[in-house]
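Okay, protein.txt is below, compact mmCIF, C-alpha atoms:
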# COMPACT_ATOMS: atom_id res chain seq x y z
CA MET E 28 -20.49 61.23 12.80
CA VAL E 29 -18.44 58.10 13.10
CA ARG E 30 -18.65 56.59 16.54
CA ALA E 31 -15.93 54.21 17.68
CA LEU E 32 -17.44 51.00 18.92
CA THR E 33 -15.65 49.49 21.85
CA THR E 34 -15.63 45.74 22.09
CA THR E 35 -15.52 44.56 25.69
CA VAL E 36 -13.59 41.37 26.29
CA LEU E 37 -14.00 39.58 29.62
CA THR E 38 -11.57 37.04 30.99
CA SER E 39 -10.88 35.58 34.43
CA GLY E 40 -8.33 33.81 36.58
CA ALA E 41 -6.74 33.50 40.02
CA PHE E 42 -3.51 35.33 39.03
CA ASP E 43 -1.71 34.35 42.22
CA LEU E 44 1.92 34.51 41.12
CA ILE E 45 2.04 36.87 38.18
CA HIS E 46 4.41 35.85 35.42
CA TYR E 47 5.11 36.80 31.84
CA GLY E 48 2.72 34.10 30.57
CA HIS E 49 -0.17 36.01 32.15
CA ILE E 50 0.72 39.11 30.14
CA ARG E 51 0.77 37.13 26.90
CA LEU E 52 -2.55 35.54 27.81
CA LEU E 53 -4.21 38.87 28.64
CA GLU E 54 -2.83 40.45 25.46
CA ALA E 55 -4.24 37.57 23.41
CA ALA E 56 -7.62 37.95 25.12
CA LYS E 57 -7.74 41.69 24.41
CA LYS E 58 -6.71 41.14 20.79
CA LEU E 59 -9.86 39.05 20.25
CA GLY E 60 -11.81 42.32 20.53
CA GLY E 61 -9.86 44.13 17.81
CA PRO E 62 -7.88 47.36 18.02
CA ASP E 63 -10.33 49.29 20.23
CA ALA E 64 -11.04 46.51 22.68
CA ARG E 65 -11.52 47.08 26.39
CA LEU E 66 -10.27 44.27 28.63
CA VAL E 67 -12.08 43.52 31.88
CA VAL E 68 -10.59 40.86 34.14
CA ILE E 69 -12.39 38.99 36.88
CA VAL E 70 -9.99 37.99 39.64
CA ALA E 71 -11.11 34.94 41.62
CA ARG E 72 -11.89 35.41 45.32
CA ASP E 73 -9.69 33.73 47.95
CA GLU E 74 -12.54 31.42 48.98
CA THR E 75 -13.16 30.37 45.37
CA VAL E 76 -9.47 29.54 44.86
CA LYS E 77 -9.44 27.57 48.10
CA ARG E 78 -12.51 25.59 47.07
CA LEU E 79 -11.23 24.82 43.57
CA LYS E 80 -7.52 24.27 44.26
CA GLY E 81 -7.62 23.02 47.83
CA ARG E 82 -5.53 25.85 49.27
CA ARG E 83 -5.72 29.59 49.67
CA PRO E 84 -3.62 31.64 47.26
CA THR E 85 -0.28 33.10 48.40
CA PHE E 86 -1.56 36.65 47.88
CA PRO E 87 -4.88 37.98 49.20
CA GLU E 88 -7.58 38.86 46.67
CA ASP E 89 -7.27 42.65 47.02
CA GLN E 90 -3.58 42.55 46.16
CA ARG E 91 -4.15 40.12 43.27
CA ARG E 92 -6.84 42.43 41.87
CA ALA E 93 -4.74 45.60 42.25
CA LEU E 94 -1.76 43.97 40.55
CA ILE E 95 -3.85 42.91 37.54
CA GLU E 96 -5.33 46.39 37.21
CA ALA E 97 -1.80 47.83 37.30
CA LEU E 98 -1.06 46.15 33.95
CA LYS E 99 -1.13 48.29 30.79
CA VAL E 100 -3.17 45.68 28.92
CA VAL E 101 -5.96 45.66 31.53
CA ASP E 102 -8.67 48.35 31.55
CA GLU E 103 -10.49 47.15 34.64
CA ALA E 104 -10.04 44.34 37.16
CA LEU E 105 -12.92 43.25 39.41
CA LEU E 106 -13.15 40.69 42.16
CA GLY E 107 -15.39 37.74 41.35
CA TYR E 108 -18.21 36.37 43.46
CA GLU E 109 -17.46 33.62 45.94
CA ASP E 110 -20.04 31.35 44.37
CA MET E 111 -18.63 32.10 40.89
CA ASP E 112 -21.95 33.58 39.85
CA MET E 113 -21.30 34.06 36.13
CA ALA E 114 -24.78 35.43 35.47
CA THR E 115 -24.13 38.41 37.77
CA VAL E 116 -20.69 39.01 36.27
CA ILE E 117 -22.08 38.97 32.72
CA ASP E 118 -24.97 41.30 33.67
CA LYS E 119 -22.51 43.74 35.20
CA VAL E 120 -19.74 43.73 32.56
CA ARG E 121 -21.92 43.11 29.46
CA PRO E 122 -19.02 41.61 27.50
CA ASP E 123 -19.09 41.16 23.72
CA ILE E 124 -16.53 38.39 24.01
CA ILE E 125 -15.63 36.06 26.86
CA ALA E 126 -12.08 34.70 26.54
CA VAL E 127 -11.62 31.30 28.15
CA GLY E 128 -8.23 29.78 28.93
CA HIS E 129 -7.04 26.32 27.89
CA ASP E 130 -7.61 25.02 31.43
CA GLN E 131 -11.00 26.65 32.03
CA ASP E 132 -13.44 23.96 30.85
CA ASP E 133 -15.67 24.46 33.90
CA ILE E 134 -15.87 28.19 33.35
CA GLU E 135 -16.60 27.69 29.66
CA SER E 136 -19.58 25.39 30.37
CA MET E 137 -20.90 27.75 33.02
CA VAL E 138 -20.59 30.78 30.75
CA ARG E 139 -22.21 29.04 27.78
CA ARG E 140 -25.16 28.01 29.97
CA VAL E 141 -25.70 31.59 31.19
CA ILE E 142 -25.48 33.01 27.65
CA GLU E 143 -28.03 30.46 26.38
CA GLU E 144 -30.42 31.06 29.29
CA LYS E 145 -30.28 34.82 28.82
CA GLY E 146 -30.42 34.63 25.03
CA LEU E 147 -27.30 36.79 24.65
CA ASP E 148 -25.10 37.03 21.57
CA THR E 149 -21.86 37.10 23.59
CA LYS E 150 -19.13 35.11 21.88
CA VAL E 151 -17.11 32.58 23.87
CA LEU E 152 -13.59 32.18 22.48
CA ARG E 153 -10.67 30.03 23.59
CA ILE E 154 -7.21 31.42 24.12
CA GLY E 155 -4.29 29.03 23.85
CA LYS E 156 -1.27 28.27 25.95
CA PHE E 157 1.49 30.81 25.72
CA VAL E 158 5.17 30.99 26.49
CA LYS E 159 6.95 27.75 25.78
CA SER E 160 8.22 27.52 29.30
CA ASP E 161 8.04 25.27 32.30
CA LEU E 162 6.74 28.24 34.23
CA ASN E 163 3.29 28.83 32.81
CA SER E 164 1.23 28.19 35.93
CA SER E 165 1.37 29.34 39.55
CA SER E 166 1.55 25.72 40.72
CA LYS E 167 4.57 24.98 38.53
CA ILE E 168 6.25 28.17 39.71
CA LYS E 169 5.69 27.17 43.33
CA ARG E 170 7.20 23.73 42.69
CA LYS E 171 10.23 25.31 41.00
CA ILE E 172 10.70 27.69 43.95
CA VAL E 173 10.69 24.74 46.37
CA GLU E 174 13.17 22.78 44.22
CA ASP E 175 15.46 25.81 43.81
CA LEU E 176 15.49 26.42 47.55
CA LYS E 177 16.20 22.75 48.33
CA SER E 178 19.13 22.67 45.92
CA ASN E 179 20.68 25.59 47.79
CA TYR E 180 20.47 24.05 51.25
CA MET G 861 5.16 78.09 23.45
CA VAL G 862 5.08 76.30 26.77
CA ARG G 863 7.11 73.11 26.71
CA ALA G 864 6.35 70.44 29.29
CA LEU G 865 9.51 69.39 31.06
CA THR G 866 9.68 65.71 31.75
CA THR G 867 11.47 64.60 34.86
CA THR G 868 13.09 61.20 34.40
CA VAL G 869 13.16 59.01 37.49
CA LEU G 870 15.39 55.94 37.50
CA THR G 871 15.01 53.01 39.86
CA SER G 872 16.21 49.42 39.88
CA GLY G 873 15.61 45.97 41.29
CA ALA G 874 15.55 42.24 40.62
CA PHE G 875 11.72 42.00 40.49
CA ASP G 876 11.69 38.22 40.57
CA LEU G 877 8.28 37.51 42.05
CA ILE G 878 6.13 40.53 41.31
CA HIS G 879 3.77 41.52 44.08
CA TYR G 880 1.61 44.49 44.98
CA GLY G 881 4.43 46.01 47.07
CA HIS G 882 6.43 46.47 43.86
CA ILE G 883 3.63 48.53 42.34
CA ARG G 884 3.46 50.79 45.40
CA LEU G 885 7.24 51.16 45.31
CA LEU G 886 7.31 52.04 41.61
CA GLU G 887 4.42 54.48 42.03
CA ALA G 888 6.26 56.17 44.89
CA ALA G 889 9.43 56.39 42.79
CA LYS G 890 7.58 57.96 39.85
CA LYS G 891 5.82 60.43 42.15
CA LEU G 892 9.21 61.85 43.16
CA GLY G 893 9.41 63.31 39.64
CA GLY G 894 6.08 65.15 39.85
CA PRO G 895 3.01 64.85 37.63
CA ASP G 896 4.86 64.58 34.28
CA ALA G 897 7.52 62.14 35.42
CA ARG G 898 8.84 59.36 33.24
CA LEU G 899 9.82 56.20 35.10
CA VAL G 900 12.70 54.09 33.80
CA VAL G 901 13.42 50.83 35.61
CA ILE G 902 16.67 48.87 35.47
CA VAL G 903 16.02 45.16 35.93
CA ALA G 904 18.99 43.25 37.34
CA ARG G 905 20.60 40.59 35.13
CA ASP G 906 20.41 36.92 36.14
CA GLU G 907 24.15 36.81 36.79
CA THR G 908 23.99 39.90 39.00
CA VAL G 909 21.18 38.42 41.09
CA LYS G 910 23.12 35.18 41.41
CA ARG G 911 26.24 37.00 42.55
CA LEU G 912 24.44 39.17 45.09
CA LYS G 913 21.86 36.72 46.44
CA GLY G 914 23.64 33.42 45.98
CA ARG G 915 21.07 31.91 43.62
CA ARG G 916 19.61 32.59 40.22
CA PRO G 917 16.15 34.17 40.15
CA THR G 918 13.07 32.01 39.48
CA PHE G 919 12.31 33.90 36.28
CA PRO G 920 14.85 34.67 33.54
CA GLU G 921 15.87 38.28 32.99
CA ASP G 922 13.97 38.76 29.71
CA GLN G 923 10.67 37.75 31.35
CA ARG G 924 11.36 39.88 34.45
CA ARG G 925 12.07 42.89 32.22
CA ALA G 926 8.98 42.35 30.01
CA LEU G 927 6.72 42.02 33.05
CA ILE G 928 7.99 45.30 34.56
CA GLU G 929 7.50 47.10 31.26
CA ALA G 930 3.93 45.74 31.12
CA LEU G 931 3.03 47.84 34.19
CA LYS G 932 1.10 51.09 33.66
CA VAL G 933 3.40 52.98 36.01
CA VAL G 934 6.55 52.05 34.06
CA ASP G 935 7.54 53.95 30.91
CA GLU G 936 10.58 51.89 30.06
CA ALA G 937 12.33 48.85 31.54
CA LEU G 938 15.92 48.02 30.62
CA LEU G 939 18.18 45.15 31.58
CA GLY G 940 21.15 46.17 33.71
CA TYR G 941 24.77 45.35 33.10
CA GLU G 942 26.25 42.22 34.60
CA ASP G 943 28.92 44.19 36.39
CA MET G 944 26.31 46.69 37.67
CA ASP G 945 28.03 49.49 35.79
CA MET G 946 26.08 52.44 37.15
CA ALA G 947 28.10 54.97 35.17
CA THR G 948 26.91 53.45 31.88
CA VAL G 949 23.31 53.26 33.09
CA ILE G 950 23.34 56.92 34.16
CA ASP G 951 24.95 58.03 30.87
CA LYS G 952 22.28 56.17 28.94
CA VAL G 953 19.15 57.11 30.93
CA ARG G 954 20.24 60.63 32.05
CA PRO G 955 17.91 60.58 35.08
CA ASP G 956 16.97 63.71 37.00
CA ILE G 957 16.24 61.60 40.06
CA ILE G 958 17.48 58.18 41.14
CA ALA G 959 15.08 56.47 43.55
CA VAL G 960 16.79 54.06 45.92
CA GLY G 961 14.94 51.42 47.94
CA HIS G 962 15.24 50.90 51.70
CA ASP G 963 17.45 47.84 51.15
CA GLN G 964 19.67 49.32 48.44
CA ASP G 965 22.55 50.80 50.45
CA ASP G 966 25.15 49.36 48.06
CA ILE G 967 23.39 50.84 45.04
CA GLU G 968 23.06 54.20 46.78
CA SER G 969 26.82 54.42 47.49
CA MET G 970 27.65 53.35 43.95
CA VAL G 971 25.27 55.88 42.44
CA ARG G 972 26.48 58.74 44.65
CA ARG G 973 30.09 58.00 43.67
CA VAL G 974 29.26 58.09 39.95
CA ILE G 975 27.30 61.35 40.30
CA GLU G 976 30.18 62.97 42.17
CA GLU G 977 32.81 61.76 39.68
CA LYS G 978 30.79 63.03 36.73
CA GLY G 979 29.80 66.27 38.45
CA LEU G 980 26.10 65.68 37.74
CA ASP G 981 23.19 67.32 39.52
CA THR G 982 21.12 64.13 39.64
CA LYS G 983 19.22 63.82 42.92
CA VAL G 984 19.36 60.57 44.88
CA LEU G 985 16.21 60.02 46.91
CA ARG G 986 15.14 57.20 49.21
CA ILE G 987 11.82 55.46 48.90
CA GLY G 988 10.40 53.72 51.95
CA LYS G 989 8.95 50.34 52.64
CA PHE G 990 5.40 49.83 51.43
CA VAL G 991 2.55 47.53 52.15
CA LYS G 992 2.39 46.52 55.78
CA SER G 993 2.58 42.88 54.92
CA ASP G 994 4.77 39.88 55.52
CA LEU G 995 5.05 39.56 51.76
CA ASN G 996 7.16 42.53 50.78
CA SER G 997 10.17 40.69 49.35
CA SER G 998 10.65 37.84 46.89
CA SER G 999 12.58 35.86 49.54
CA LYS G 1000 9.72 36.13 52.04
CA ILE G 1001 7.22 35.12 49.37
CA LYS G 1002 9.30 32.07 48.53
CA ARG G 1003 9.44 31.06 52.21
CA LYS G 1004 5.68 31.47 52.52
CA ILE G 1005 5.11 29.32 49.43
CA VAL G 1006 7.28 26.56 50.92
CA GLU G 1007 5.47 26.75 54.27
CA ASP G 1008 2.04 26.76 52.58
CA LEU G 1009 2.92 23.71 50.50
CA LYS G 1010 4.31 21.84 53.53
CA SER G 1011 1.15 22.47 55.53
CA ASN G 1012 -0.86 20.83 52.76
CA TYR G 1013 1.19 17.63 52.55
Let me see the structure of the file written as structure tokens.
Amino acid sequence: MVRALTTTVLTSGAFDLIHYGHIRLLEAAKKLGGPDARLVVIVARDETVKRLKGRRPTFPEDQRRALIEALKVVDEALLGYEDMDMATVIDKVRPDIIAVGHDQDDIESMVRRVIEEKGLDTKVLRIGKFVKSDLNSSSKIKRKIVEDLKSNY
Amino acid sequence: MVRALTTTVLTSGAFDLIHYGHIRLLEAAKKLGGPDARLVVIVARDETVKRLKGRRPTFPEDQRRALIEALKVVDEALLGYEDMDMATVIDKVRPDIIAVGHDQDDIESMVRRVIEEKGLDTKVLRIGKFVKSDLNSSSKIKRKIVEDLKSNY
């Protein structure tokens, strides 16, 4: 009997203001696992975003998580741990591949350390920037919103 | 042979800044068509948004459409017509039900007129407000973003 092997891909982010670039990014992450991949997304907690970016996200963590899980490309979305405990996340999800974004150097180092310590064969792969647009980050979107509003006053 | 009858539900919006309230709204719209419903969403054109709201949306129409179609709850997302030609939309989609939002009085009148003129038996149903939150419209989200940014300067 032929048994389909599912490759689990794990990726993570704050996903505060969802835009088309996120979809492209998540699709690229899932593609790393081949045609039968399962995509699990860790959505950063409010406190983690506040600590890393200096301000709380516009949307609370429960809504950010639910929105990500409402996407066709996503099989499961989970809230992260406030202390970004990658070891616990990896134990829980058991990913074959961890997809790391172009701006996630810190996460990449953390993940590689956990994988080495645990002696896992999880692959860590980079995903590139997508959408040639000025609107590929929540911060840029927020700045554009402010500028657009100003120009209308 | 038993043939499953699909009920097509049509709804519409600008969907500029996607938030969890949109998901709840779209889920409620689809539910109106029963368990086998197909949800088709008309995404307003940039020019239409500009005319109705006085400013262009933050995201261009192609990205707004692609993001809506990336949602599990949505079967198909189509761009509208710049002149909001409801007759053409209804001819094309042939909906059994048109779901109208709490703030879509203009669309409701337009749709009812077309249905009457064409002698169709399409139902027009209202969907309520969802998510008890201050962040249930793109305009409110934009205001919150501006306030949040100010308070950090």
Where does segment 895-989 of chain G meet segment 101-111 of chain E within 12 Å, residue by residue, with the nearest atom pair and distance in Å to one decimal for each, counting only C-alpha atoms, listed by chain and rising number, as a tab-separated table?
residue	atom	partner	partner_atom	distance
G:Ala930	CA	E:Val101	CA	9.9
G:Leu931	CA	E:Val101	CA	9.6
G:Lys932	CA	E:Val101	CA	9.2
Exercise. Counting all atoms listed in the file, which residues of chain E come no farther than 8 Å from chain G, as number ranges by chain?
Worked result: E: 44-47, 50, 82, 85, 90-91, 93-94, 97-100, 168-169, 171-173, 175, 179
For this session: Just the residues within 12 Å of Leu52 of chain E, please, counting all atoms listed in the file, with nothing from its chain fewer than 5 positions along; format it as a list in words.
Result: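 So, after excluding close chain neighbours, the residues are Thr38, Ser39, Gly40, Phe42, Ile45, His46, Tyr47, Lys57, Lys58, Leu59, Leu66, Val68, Val100, Val101, Ala126, Val127, Gly128, His129, Arg153, Ile154, Gly155, Lys156, Phe157, Val158, Asn163 and Ser164 of chain E.
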For this session: Could you please determine the separation between atom CA of Val120 of chain E and atom CA of Met137 of chain E in Å, to one decimal place?
Result: 16.0 Å
Problem set entry | Distance criterion (all atoms listed in the file): nearest to Thr35 of chain E out of E:Asp73, E:Asp123, E:Glu54, E:Asp63 |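 Once distances to Thr35 of chain E are computed over all atoms listed in the file, the minimum belongs to E:Asp123.
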Centre and size of axis-aligned box enclosing segment 913-925 of chain G plus 3 Å each side, as AutoDock Vina command-line options:
--center_x 17.2 --center_y 37.4 --center_z 38.1 --size_x 19.0 --size_y 17.0 --size_z 22.7
For this session: Record the distance separating atom CA of Lys952 of chain G and atom CA of Gly893 of chain G, expressed in Å with one decimal.
Result: 18.2 Å
For this session: Tell me, in Å to one decimal, how far atom CA of Ile117 of chain E is from atom CA of Val141 of chain E.
Result: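 According to the coordinates, atom CA of Ile117 of chain E and atom CA of Val141 of chain E are separated by 8.4 Å.
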Problem set entry | Shortest interatomic distance to Asp133 of chain E - which of E:Glu88, E:Leu79, E:Pro62, E:Ala114, counting all atoms listed in the file | E:Leu79
